[in-house]
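K.L.:
The following file, input.pdb, comprises PDB, C-alpha atoms, pLDDT in the B column:
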ATOM      1  CA  MET A  37     105.464  86.510 120.060  1.00 79.00           C
ATOM      2  CA  THR A  38     101.969  85.862 118.725  1.00 92.00           C
ATOM      3  CA  ARG A  39     101.349  84.349 115.299  1.00 96.00           C
ATOM      4  CA  GLN A  40      99.915  87.679 114.136  1.00 96.00           C
ATOM      5  CA  ARG A  41     103.031  89.581 115.221  1.00 96.00           C
ATOM      6  CA  GLU A  42     105.295  87.000 113.616  1.00 97.00           C
ATOM      7  CA  LEU A  43     103.312  87.360 110.387  1.00 98.00           C
ATOM      8  CA  ILE A  44     103.473  91.167 110.423  1.00 98.00           C
ATOM      9  CA  LEU A  45     107.186  91.165 111.233  1.00 97.00           C
ATOM     10  CA  GLY A  46     107.787  88.655 108.436  1.00 97.00           C
ATOM     11  CA  ILE A  47     105.918  90.845 105.959  1.00 98.00           C
ATOM     12  CA  LEU A  48     107.956  93.891 106.949  1.00 97.00           C
ATOM     13  CA  SER A  49     111.248  91.969 106.947  1.00 95.00           C
ATOM     14  CA  GLN A  50     110.654  90.585 103.462  1.00 96.00           C
ATOM     15  CA  SER A  51     109.545  93.894 101.957  1.00 94.00           C
ATOM     16  CA  ASP A  52     111.985  95.969  99.940  1.00 89.00           C
ATOM     17  CA  ARG A  53     110.118  99.143 100.863  1.00 91.00           C
ATOM     18  CA  HIS A  54     108.271 100.810 103.740  1.00 94.00           C
ATOM     19  CA  LEU A  55     104.672  99.615 103.905  1.00 96.00           C
ATOM     20  CA  THR A  56     101.490 101.292 105.136  1.00 97.00           C
ATOM     21  CA  ALA A  57      99.186  99.556 107.615  1.00 97.00           C
ATOM     22  CA  ASP A  58      96.698  98.960 104.788  1.00 97.00           C
ATOM     23  CA  GLU A  59      99.369  97.273 102.660  1.00 97.00           C
ATOM     24  CA  ILE A  60     100.446  95.136 105.605  1.00 98.00           C
ATOM     25  CA  PHE A  61      96.823  94.181 106.263  1.00 98.00           C
ATOM     26  CA  PHE A  62      96.295  93.165 102.616  1.00 98.00           C
ATOM     27  CA  LEU A  63      99.430  90.981 102.624  1.00 98.00           C
ATOM     28  CA  ALA A  64      98.598  89.505 106.045  1.00 98.00           C
ATOM     29  CA  LYS A  65      95.070  88.659 104.896  1.00 97.00           C
ATOM     30  CA  LEU A  66      96.537  86.547 102.071  1.00 97.00           C
ATOM     31  CA  LYS A  67      98.323  84.341 104.601  1.00 97.00           C
ATOM     32  CA  MET A  68      95.886  84.599 107.513  1.00 97.00           C
ATOM     33  CA  PRO A  69      92.371  85.234 106.115  1.00 97.00           C
ATOM     34  CA  THR A  70      90.824  85.712 109.568  1.00 96.00           C
ATOM     35  CA  ILE A  71      93.116  88.557 110.639  1.00 97.00           C
ATOM     36  CA  ALA A  72      91.302  91.840 111.362  1.00 97.00           C
ATOM     37  CA  MET A  73      92.471  95.337 110.479  1.00 97.00           C
ATOM     38  CA  ALA A  74      92.293  96.296 114.173  1.00 97.00           C
ATOM     39  CA  THR A  75      94.648  93.410 114.969  1.00 97.00           C
ATOM     40  CA  VAL A  76      97.163  94.714 112.439  1.00 98.00           C
ATOM     41  CA  TYR A  77      96.949  98.282 113.817  1.00 97.00           C
ATOM     42  CA  ASN A  78      97.191  97.136 117.441  1.00 97.00           C
ATOM     43  CA  ASN A  79     100.189  94.934 116.717  1.00 97.00           C
ATOM     44  CA  LEU A  80     101.950  97.616 114.677  1.00 98.00           C
ATOM     45  CA  ASN A  81     101.504 100.082 117.543  1.00 97.00           C
ATOM     46  CA  ALA A  82     102.706  97.588 120.159  1.00 97.00           C
ATOM     47  CA  MET A  83     105.731  96.495 118.120  1.00 96.00           C
ATOM     48  CA  ASN A  84     106.658 100.123 117.415  1.00 94.00           C
ATOM     49  CA  GLU A  85     106.439 101.016 121.106  1.00 93.00           C
ATOM     50  CA  ALA A  86     108.574  97.971 121.972  1.00 93.00           C
ATOM     51  CA  GLY A  87     111.211  99.034 119.417  1.00 89.00           C
ATOM     52  CA  VAL A  88     110.764  95.906 117.288  1.00 93.00           C
ATOM     53  CA  ILE A  89     109.732  97.942 114.229  1.00 94.00           C
ATOM     54  CA  HIS A  90     109.914 101.599 113.260  1.00 91.00           C
ATOM     55  CA  ARG A  91     107.007 103.896 112.343  1.00 92.00           C
ATOM     56  CA  ILE A  92     107.736 106.673 109.866  1.00 92.00           C
ATOM     57  CA  ARG A  93     105.243 109.500 110.000  1.00 90.00           C
ATOM     58  CA  VAL A  94     104.581 111.061 106.607  1.00 86.00           C
ATOM     59  CA  ASP A  95     102.858 114.458 106.584  1.00 84.00           C
ATOM     60  CA  GLY A  96      99.774 114.348 104.400  1.00 84.00           C
ATOM     61  CA  GLY A  97     100.081 110.587 103.912  1.00 87.00           C
ATOM     62  CA  ALA A  98      99.732 107.292 105.683  1.00 92.00           C
ATOM     63  CA  ASP A  99     102.365 106.292 108.220  1.00 94.00           C
ATOM     64  CA  ARG A 100     104.820 103.715 106.929  1.00 95.00           C
ATOM     65  CA  PHE A 101     106.494 100.902 108.816  1.00 95.00           C
ATOM     66  CA  SER A 102     109.905  99.287 108.644  1.00 92.00           C
ATOM     67  CA  ALA A 103     111.463  96.218 110.239  1.00 92.00           C
ATOM     68  CA  VAL A 104     114.705  98.194 110.526  1.00 84.00           C
ATOM     69  CA  SER A 105     114.517  99.289 114.146  1.00 71.00           C
ATOM     70  CA  GLU A 106     118.038 100.662 114.600  1.00 78.00           C
ATOM     71  CA  PRO A 107     118.381 104.444 114.283  1.00 79.00           C
ATOM     72  CA  HIS A 108     118.219 105.743 110.737  1.00 86.00           C
ATOM     73  CA  ASP A 109     116.674 108.571 108.767  1.00 91.00           C
ATOM     74  CA  HIS A 110     114.677 108.766 105.547  1.00 92.00           C
ATOM     75  CA  LEU A 111     114.544 110.367 102.126  1.00 94.00           C
ATOM     76  CA  LEU A 112     111.004 110.966 100.851  1.00 93.00           C
ATOM     77  CA  CYS A 113     110.410 111.582  97.152  1.00 93.00           C
ATOM     78  CA  ASP A 114     107.837 114.367  96.947  1.00 93.00           C
ATOM     79  CA  GLU A 115     106.798 113.193  93.481  1.00 93.00           C
ATOM     80  CA  CYS A 116     106.222 109.415  93.769  1.00 91.00           C
ATOM     81  CA  GLY A 117     106.249 108.972  97.559  1.00 89.00           C
ATOM     82  CA  LYS A 118     109.178 106.528  97.609  1.00 91.00           C
ATOM     83  CA  LEU A 119     110.718 106.328 101.081  1.00 92.00           C
ATOM     84  CA  THR A 120     114.378 105.335 101.321  1.00 92.00           C
ATOM     85  CA  ASP A 121     116.565 104.676 104.362  1.00 91.00           C
ATOM     86  CA  ILE A 122     119.599 106.888 104.867  1.00 93.00           C
ATOM     87  CA  ARG A 123     122.090 106.634 107.687  1.00 91.00           C
ATOM     88  CA  LEU A 124     123.601 109.740 109.242  1.00 92.00           C
ATOM     89  CA  PRO A 125     125.486 108.212 112.193  1.00 85.00           C
ATOM     90  CA  LYS A 126     127.053 111.438 113.457  1.00 91.00           C
ATOM     91  CA  LEU A 127     123.871 113.532 113.354  1.00 93.00           C
ATOM     92  CA  LYS A 128     122.793 112.736 116.930  1.00 91.00           C
ATOM     93  CA  VAL A 129     126.234 113.656 118.262  1.00 93.00           C
ATOM     94  CA  GLU A 130     126.172 116.946 116.316  1.00 94.00           C
ATOM     95  CA  LEU A 131     122.675 117.778 117.560  1.00 94.00           C
ATOM     96  CA  GLU A 132     123.713 117.134 121.157  1.00 95.00           C
ATOM     97  CA  LYS A 133     126.760 119.378 120.726  1.00 96.00           C
ATOM     98  CA  GLN A 134     124.650 122.215 119.371  1.00 96.00           C
ATOM     99  CA  ILE A 135     121.869 122.045 121.963  1.00 96.00           C
ATOM    100  CA  HIS A 136     124.163 121.099 124.883  1.00 96.00           C
ATOM    101  CA  SER A 137     121.746 118.403 125.955  1.00 97.00           C
ATOM    102  CA  PRO A 138     121.189 114.700 125.279  1.00 95.00           C
ATOM    103  CA  VAL A 139     118.850 113.760 122.443  1.00 91.00           C
ATOM    104  CA  ASP A 140     116.494 110.955 123.443  1.00 88.00           C
ATOM    105  CA  SER A 141     115.179 110.391 119.930  1.00 83.00           C
ATOM    106  CA  TYR A 142     114.322 112.177 116.712  1.00 85.00           C
ATOM    107  CA  ASP A 143     112.649 111.516 113.373  1.00 85.00           C
ATOM    108  CA  LEU A 144     114.141 113.011 110.226  1.00 90.00           C
ATOM    109  CA  VAL A 145     112.470 112.836 106.833  1.00 91.00           C
ATOM    110  CA  ILE A 146     114.337 114.671 104.077  1.00 93.00           C
ATOM    111  CA  HIS A 147     112.134 115.775 101.176  1.00 94.00           C
ATOM    112  CA  THR A 148     113.695 115.371  97.745  1.00 95.00           C
ATOM    113  CA  LEU A 149     113.091 113.882  94.307  1.00 96.00           C
ATOM    114  CA  CYS A 150     114.282 110.329  93.762  1.00 94.00           C
ATOM    115  CA  PRO A 151     116.620 109.704  90.792  1.00 94.00           C
ATOM    116  CA  ALA A 152     113.783 108.277  88.650  1.00 95.00           C
ATOM    117  CA  CYS A 153     111.522 111.297  89.203  1.00 96.00           C
ATOM    118  CA  ARG A 154     114.422 113.701  88.700  1.00 94.00           C
ATOM    119  CA  ARG A 155     115.122 112.086  85.294  1.00 95.00           C
ATOM    120  CA  LYS A 156     111.449 112.499  84.304  1.00 93.00           C
ATOM    121  CA  LYS A 157     111.629 116.253  84.934  1.00 84.00           C
TER
END
Can I see the file as C-alpha cells?
P.N.:
Amino acid sequence: MTRQRELILGILSQSDRHLTADEIFFLAKLKMPTIAMATVYNNLNAMNEAGVIHRIRVDGGADRFSAVSEPHDHLLCDECGKLTDIRLPKLKVELEKQIHSPVDSYDLVIHTLCPACRRKK
C-alpha cells in the first residue's frame, strides 16, 4: 500500500464520522503537504473499488467515505447532515426472499432526523 493510501486509510479509521473527499484532503494535507487533491480522489476511488473503504452516495451532497468496509446501512439526518452507521443483518436475506434472486450489493440510506435535531424542533 502506498504512503498516500496508508495516510487516507488512517484518516478514515481515526474519524468518528463519515468524511467527504475535501475533508480527507484537508486532513491529509496537514500530514503530507505535497499531496494533491487528484491523488486523494484517485486513491479513494481505487480503495472503494477494492473494498478497502466504503463510499456513501448522498443525494444533493458530497459523497462520504468510511473505513468500515463490511456491509452496513446508514441513517442520514435531513437537518444537519449527520450520517450514522446502522446494521440490518437480515435485510439482504429478506430482499433475496422477496425478489427470488441473489442480491449482489445494495446501498441503503434512511432519511430521518437525528436525536439532537429532533429535540430542537
K.L.:
Taking the point (106.5, 92.5, 120.4) as given in the file, collect each protein or nucleic acid residue that comes within 7 Å of it, counting all atoms listed in the file, and present the set as a list in words.
P.N.:
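The answer, in the requested form, is Met37, Arg41, Ala82, Met83, Ala86 and Val88 of chain A.
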K.L.:
With a distance cut-off of 12 Å and only C-alpha atoms, select the neighbouring residues of Pro151 in chain A, excluding the residue or stretch itself and same-chain residues fewer than 6 positions from it, and output the selection as a VMD selection string.
P.N.:
chain A and resid 111 to 116 118 120 157
K.L.:
Env of Ser51 in chain A: 12 Å cut, atoms = only C-alpha atoms, seq-sep filter 5 positions within chain, self excluded. Answer as a ChimeraX atom specification.
P.N.:
/A:44-46,56,59-60,63,100-104
K.L.:
Could those residues be written to a file, using C-alpha atoms, as a compact mmCIF listing (two decimals), in the frame of the given file?
P.N.:
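Once everything was written out, this is part-v5.txt:
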# COMPACT_ATOMS: atom_id res chain seq x y z
CA ILE A 44 103.47 91.17 110.42
CA LEU A 45 107.19 91.16 111.23
CA GLY A 46 107.79 88.66 108.44
CA THR A 56 101.49 101.29 105.14
CA GLU A 59 99.37 97.27 102.66
CA ILE A 60 100.45 95.14 105.60
CA LEU A 63 99.43 90.98 102.62
CA ARG A 100 104.82 103.72 106.93
CA PHE A 101 106.49 100.90 108.82
CA SER A 102 109.90 99.29 108.64
CA ALA A 103 111.46 96.22 110.24
CA VAL A 104 114.70 98.19 110.53
K.L.:
Residues within 12 Å of Phe62 in chain A, please, as an MDAnalysis selection string. Count only C-alpha atoms; anything in the same chain fewer than 2 positions from it doesn't count.
P.N.:
chainID A and resid 43:44 47 55:60 64:73 76
K.L.:
Could you tell me which residues the PyMOL selection byres ((chain A and resi 143-148) around 12) returns for this structure, as a JSON list (two decimals) with C-alpha atoms, keeping the file's coordinate frame?
P.N.:
[["chain", "number", "residue", "atom", "x", "y", "z"],
["A", 90, "HIS", "CA", 109.91, 101.60, 113.26],
["A", 91, "ARG", "CA", 107.01, 103.90, 112.34],
["A", 92, "ILE", "CA", 107.74, 106.67, 109.87],
["A", 93, "ARG", "CA", 105.24, 109.50, 110.00],
["A", 94, "VAL", "CA", 104.58, 111.06, 106.61],
["A", 95, "ASP", "CA", 102.86, 114.46, 106.58],
["A", 100, "ARG", "CA", 104.82, 103.72, 106.93],
["A", 107, "PRO", "CA", 118.38, 104.44, 114.28],
["A", 108, "HIS", "CA", 118.22, 105.74, 110.74],
["A", 109, "ASP", "CA", 116.67, 108.57, 108.77],
["A", 110, "HIS", "CA", 114.68, 108.77, 105.55],
["A", 111, "LEU", "CA", 114.54, 110.37, 102.13],
["A", 112, "LEU", "CA", 111.00, 110.97, 100.85],
["A", 113, "CYS", "CA", 110.41, 111.58, 97.15],
["A", 114, "ASP", "CA", 107.84, 114.37, 96.95],
["A", 115, "GLU", "CA", 106.80, 113.19, 93.48],
["A", 116, "CYS", "CA", 106.22, 109.42, 93.77],
["A", 117, "GLY", "CA", 106.25, 108.97, 97.56],
["A", 118, "LYS", "CA", 109.18, 106.53, 97.61],
["A", 119, "LEU", "CA", 110.72, 106.33, 101.08],
["A", 120, "THR", "CA", 114.38, 105.34, 101.32],
["A", 121, "ASP", "CA", 116.56, 104.68, 104.36],
["A", 122, "ILE", "CA", 119.60, 106.89, 104.87],
["A", 123, "ARG", "CA", 122.09, 106.63, 107.69],
["A", 124, "LEU", "CA", 123.60, 109.74, 109.24],
["A", 127, "LEU", "CA", 123.87, 113.53, 113.35],
["A", 128, "LYS", "CA", 122.79, 112.74, 116.93],
["A", 139, "VAL", "CA", 118.85, 113.76, 122.44],
["A", 140, "ASP", "CA", 116.49, 110.96, 123.44],
["A", 141, "SER", "CA", 115.18, 110.39, 119.93],
["A", 142, "TYR", "CA", 114.32, 112.18, 116.71],
["A", 149, "LEU", "CA", 113.09, 113.88, 94.31],
["A", 150, "CYS", "CA", 114.28, 110.33, 93.76],
["A", 151, "PRO", "CA", 116.62, 109.70, 90.79],
["A", 152, "ALA", "CA", 113.78, 108.28, 88.65],
["A", 153, "CYS", "CA", 111.52, 111.30, 89.20],
["A", 154, "ARG", "CA", 114.42, 113.70, 88.70]]
K.L.:
Grab the CA of Pro125 in chain A to CA of Leu48 in chain A distance for me, in Å with one decimal place.
P.N.:
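Rounded to one decimal, the two atoms are 23.2 Å apart.
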K.L.:
Check the smallest atom-to-atom distance from each of A:Arg155, A:His54, A:Asp99, A:Gln40 to Ala74 in chain A using all atoms listed in the file, then report the winner.
P.N.:
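Smallest distance to Ala74 in chain A is found for A:Gln40.
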K.L.:
Could you work out how far CA of Glu106 in chain A lies from CA of Thr75 in chain A, giving the answer in Å with one decimal?
P.N.:
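Here the two named atoms are 24.5 Å from each other.
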K.L.:
Enclose range 105-119 of chain A, meaning all of its atoms listed in the file, in a box aligned along x, y and z, pad it by 6 Å on each side, and list the centre and edge lengths in Å to one decimal, as AutoDock Vina command-line options.
P.N.:
--center_x 112.3 --center_y 106.8 --center_z 104.0 --size_x 24.2 --size_y 27.1 --size_z 33.1
K.L.:
Could you write range 70-116 of chain A of the block just shown to a file containing N, CA and C atoms, as an mmCIF file, in the first residue's frame?
P.N.:
data_model
loop_
_atom_site.group_PDB
_atom_site.id
_atom_site.type_symbol
_atom_site.label_atom_id
_atom_site.label_comp_id
_atom_site.auth_asym_id
_atom_site.auth_seq_id
_atom_site.Cartn_x
_atom_site.Cartn_y
_atom_site.Cartn_z
ATOM 1 N N THR A 70 2.531 17.884 0.361
ATOM 2 C CA THR A 70 2.666 17.797 -1.098
ATOM 3 C C THR A 70 1.549 16.994 -1.764
ATOM 4 N N ILE A 71 0.661 16.416 -0.995
ATOM 5 C CA ILE A 71 -0.392 15.580 -1.582
ATOM 6 C C ILE A 71 -1.345 16.448 -2.409
ATOM 7 N N ALA A 72 -1.773 15.939 -3.550
ATOM 8 C CA ALA A 72 -2.671 16.664 -4.450
ATOM 9 C C ALA A 72 -4.103 16.144 -4.285
ATOM 10 N N MET A 73 -5.055 17.018 -4.572
ATOM 11 C CA MET A 73 -6.462 16.631 -4.491
ATOM 12 C C MET A 73 -6.747 15.449 -5.415
ATOM 13 N N ALA A 74 -6.173 15.463 -6.614
ATOM 14 C CA ALA A 74 -6.378 14.355 -7.558
ATOM 15 C C ALA A 74 -5.879 13.040 -6.972
ATOM 16 N N THR A 75 -4.798 13.084 -6.230
ATOM 17 C CA THR A 75 -4.258 11.882 -5.586
ATOM 18 C C THR A 75 -5.248 11.337 -4.573
ATOM 19 N N VAL A 76 -5.860 12.226 -3.801
ATOM 20 C CA VAL A 76 -6.854 11.806 -2.815
ATOM 21 C C VAL A 76 -8.045 11.171 -3.526
ATOM 22 N N TYR A 77 -8.583 11.832 -4.550
ATOM 23 C CA TYR A 77 -9.727 11.287 -5.295
ATOM 24 C C TYR A 77 -9.386 9.941 -5.926
ATOM 25 N N ASN A 78 -8.238 9.855 -6.588
ATOM 26 C CA ASN A 78 -7.856 8.602 -7.245
ATOM 27 C C ASN A 78 -7.707 7.465 -6.240
ATOM 28 N N ASN A 79 -7.109 7.755 -5.103
ATOM 29 C CA ASN A 79 -6.936 6.718 -4.087
ATOM 30 C C ASN A 79 -8.259 6.336 -3.443
ATOM 31 N N LEU A 80 -9.128 7.294 -3.196
ATOM 32 C CA LEU A 80 -10.446 6.966 -2.647
ATOM 33 C C LEU A 80 -11.208 6.056 -3.600
ATOM 34 N N ASN A 81 -11.180 6.380 -4.891
ATOM 35 C CA ASN A 81 -11.869 5.547 -5.880
ATOM 36 C C ASN A 81 -11.276 4.141 -5.932
ATOM 37 N N ALA A 82 -9.959 4.048 -5.946
ATOM 38 C CA ALA A 82 -9.303 2.735 -6.025
ATOM 39 C C ALA A 82 -9.571 1.905 -4.771
ATOM 40 N N MET A 83 -9.496 2.536 -3.606
ATOM 41 C CA MET A 83 -9.734 1.788 -2.361
ATOM 42 C C MET A 83 -11.195 1.378 -2.236
ATOM 43 N N ASN A 84 -12.111 2.199 -2.734
ATOM 44 C CA ASN A 84 -13.527 1.824 -2.722
ATOM 45 C C ASN A 84 -13.760 0.629 -3.643
ATOM 46 N N GLU A 85 -13.210 0.686 -4.840
ATOM 47 C CA GLU A 85 -13.371 -0.424 -5.787
ATOM 48 C C GLU A 85 -12.761 -1.717 -5.265
ATOM 49 N N ALA A 86 -11.681 -1.611 -4.493
ATOM 50 C CA ALA A 86 -11.019 -2.793 -3.933
ATOM 51 C C ALA A 86 -11.712 -3.295 -2.668
ATOM 52 N N GLY A 87 -12.713 -2.543 -2.176
ATOM 53 C CA GLY A 87 -13.438 -2.959 -0.978
ATOM 54 C C GLY A 87 -12.724 -2.630 0.322
ATOM 55 N N VAL A 88 -11.699 -1.797 0.260
ATOM 56 C CA VAL A 88 -10.950 -1.417 1.462
ATOM 57 C C VAL A 88 -11.730 -0.383 2.267
ATOM 58 N N ILE A 89 -12.416 0.518 1.564
ATOM 59 C CA ILE A 89 -13.255 1.534 2.197
ATOM 60 C C ILE A 89 -14.633 1.489 1.548
ATOM 61 N N HIS A 90 -15.541 2.279 2.085
ATOM 62 C CA HIS A 90 -16.911 2.300 1.563
ATOM 63 C C HIS A 90 -17.310 3.727 1.228
ATOM 64 N N ARG A 91 -17.841 3.922 0.016
ATOM 65 C CA ARG A 91 -18.350 5.222 -0.426
ATOM 66 C C ARG A 91 -19.857 5.258 -0.166
ATOM 67 N N ILE A 92 -20.307 6.338 0.437
ATOM 68 C CA ILE A 92 -21.737 6.532 0.667
ATOM 69 C C ILE A 92 -22.179 7.704 -0.192
ATOM 70 N N ARG A 93 -23.036 7.430 -1.134
ATOM 71 C CA ARG A 93 -23.533 8.481 -2.017
ATOM 72 C C ARG A 93 -24.683 9.210 -1.317
ATOM 73 N N VAL A 94 -24.593 10.521 -1.299
ATOM 74 C CA VAL A 94 -25.598 11.349 -0.642
ATOM 75 C C VAL A 94 -26.223 12.255 -1.702
ATOM 76 N N ASP A 95 -27.511 12.044 -1.987
ATOM 77 C CA ASP A 95 -28.194 12.872 -2.977
ATOM 78 C C ASP A 95 -28.131 14.339 -2.570
ATOM 79 N N GLY A 96 -27.734 15.176 -3.507
ATOM 80 C CA GLY A 96 -27.679 16.609 -3.250
ATOM 81 C C GLY A 96 -26.506 17.035 -2.384
ATOM 82 N N GLY A 97 -25.592 16.125 -2.097
ATOM 83 C CA GLY A 97 -24.438 16.449 -1.262
ATOM 84 C C GLY A 97 -23.216 15.685 -1.718
ATOM 85 N N ALA A 98 -22.115 15.974 -1.084
ATOM 86 C CA ALA A 98 -20.867 15.295 -1.431
ATOM 87 C C ALA A 98 -20.879 13.858 -0.927
ATOM 88 N N ASP A 99 -20.297 12.963 -1.698
ATOM 89 C CA ASP A 99 -20.136 11.580 -1.245
ATOM 90 C C ASP A 99 -19.324 11.589 0.040
ATOM 91 N N ARG A 100 -19.593 10.608 0.887
ATOM 92 C CA ARG A 100 -18.842 10.452 2.129
ATOM 93 C C ARG A 100 -18.129 9.109 2.075
ATOM 94 N N PHE A 101 -17.107 8.974 2.905
ATOM 95 C CA PHE A 101 -16.310 7.757 2.902
ATOM 96 C C PHE A 101 -16.150 7.229 4.317
ATOM 97 N N SER A 102 -16.045 5.911 4.407
ATOM 98 C CA SER A 102 -15.920 5.239 5.691
ATOM 99 C C SER A 102 -14.892 4.129 5.580
ATOM 100 N N ALA A 103 -14.142 3.921 6.660
ATOM 101 C CA ALA A 103 -13.188 2.808 6.698
ATOM 102 C C ALA A 103 -13.890 1.496 7.029
ATOM 103 N N VAL A 104 -15.159 1.560 7.383
ATOM 104 C CA VAL A 104 -15.932 0.354 7.670
ATOM 105 C C VAL A 104 -16.363 -0.231 6.334
ATOM 106 N N SER A 105 -15.709 -1.302 5.921
ATOM 107 C CA SER A 105 -15.989 -1.856 4.594
ATOM 108 C C SER A 105 -16.984 -3.024 4.629
ATOM 109 N N GLU A 106 -17.257 -3.576 5.812
ATOM 110 C CA GLU A 106 -18.225 -4.669 5.849
ATOM 111 C C GLU A 106 -19.631 -4.099 5.626
ATOM 112 N N PRO A 107 -20.547 -4.931 5.152
ATOM 113 C CA PRO A 107 -21.884 -4.450 4.807
ATOM 114 C C PRO A 107 -22.584 -3.771 5.991
ATOM 115 N N HIS A 108 -23.105 -2.595 5.717
ATOM 116 C CA HIS A 108 -23.901 -1.867 6.691
ATOM 117 C C HIS A 108 -24.689 -0.792 5.961
ATOM 118 N N ASP A 109 -25.651 -0.223 6.637
ATOM 119 C CA ASP A 109 -26.508 0.788 6.047
ATOM 120 C C ASP A 109 -26.332 2.091 6.818
ATOM 121 N N HIS A 110 -27.094 3.123 6.434
ATOM 122 C CA HIS A 110 -26.864 4.435 7.033
ATOM 123 C C HIS A 110 -28.157 5.180 7.332
ATOM 124 N N LEU A 111 -28.096 5.971 8.397
ATOM 125 C CA LEU A 111 -29.136 6.935 8.729
ATOM 126 C C LEU A 111 -28.579 8.306 8.394
ATOM 127 N N LEU A 112 -29.330 9.107 7.641
ATOM 128 C CA LEU A 112 -28.909 10.448 7.271
ATOM 129 C C LEU A 112 -29.883 11.453 7.868
ATOM 130 N N CYS A 113 -29.359 12.356 8.701
ATOM 131 C CA CYS A 113 -30.203 13.406 9.268
ATOM 132 C C CYS A 113 -30.435 14.453 8.187
ATOM 133 N N ASP A 114 -31.682 14.676 7.836
ATOM 134 C CA ASP A 114 -32.018 15.637 6.790
ATOM 135 C C ASP A 114 -31.842 17.078 7.240
ATOM 136 N N GLU A 115 -31.656 17.287 8.530
ATOM 137 C CA GLU A 115 -31.472 18.646 9.053
ATOM 138 C C GLU A 115 -29.988 19.031 9.094
ATOM 139 N N CYS A 116 -29.170 18.249 9.772
ATOM 140 C CA CYS A 116 -27.753 18.619 9.975
ATOM 141 C C CYS A 116 -26.794 17.840 9.087
#
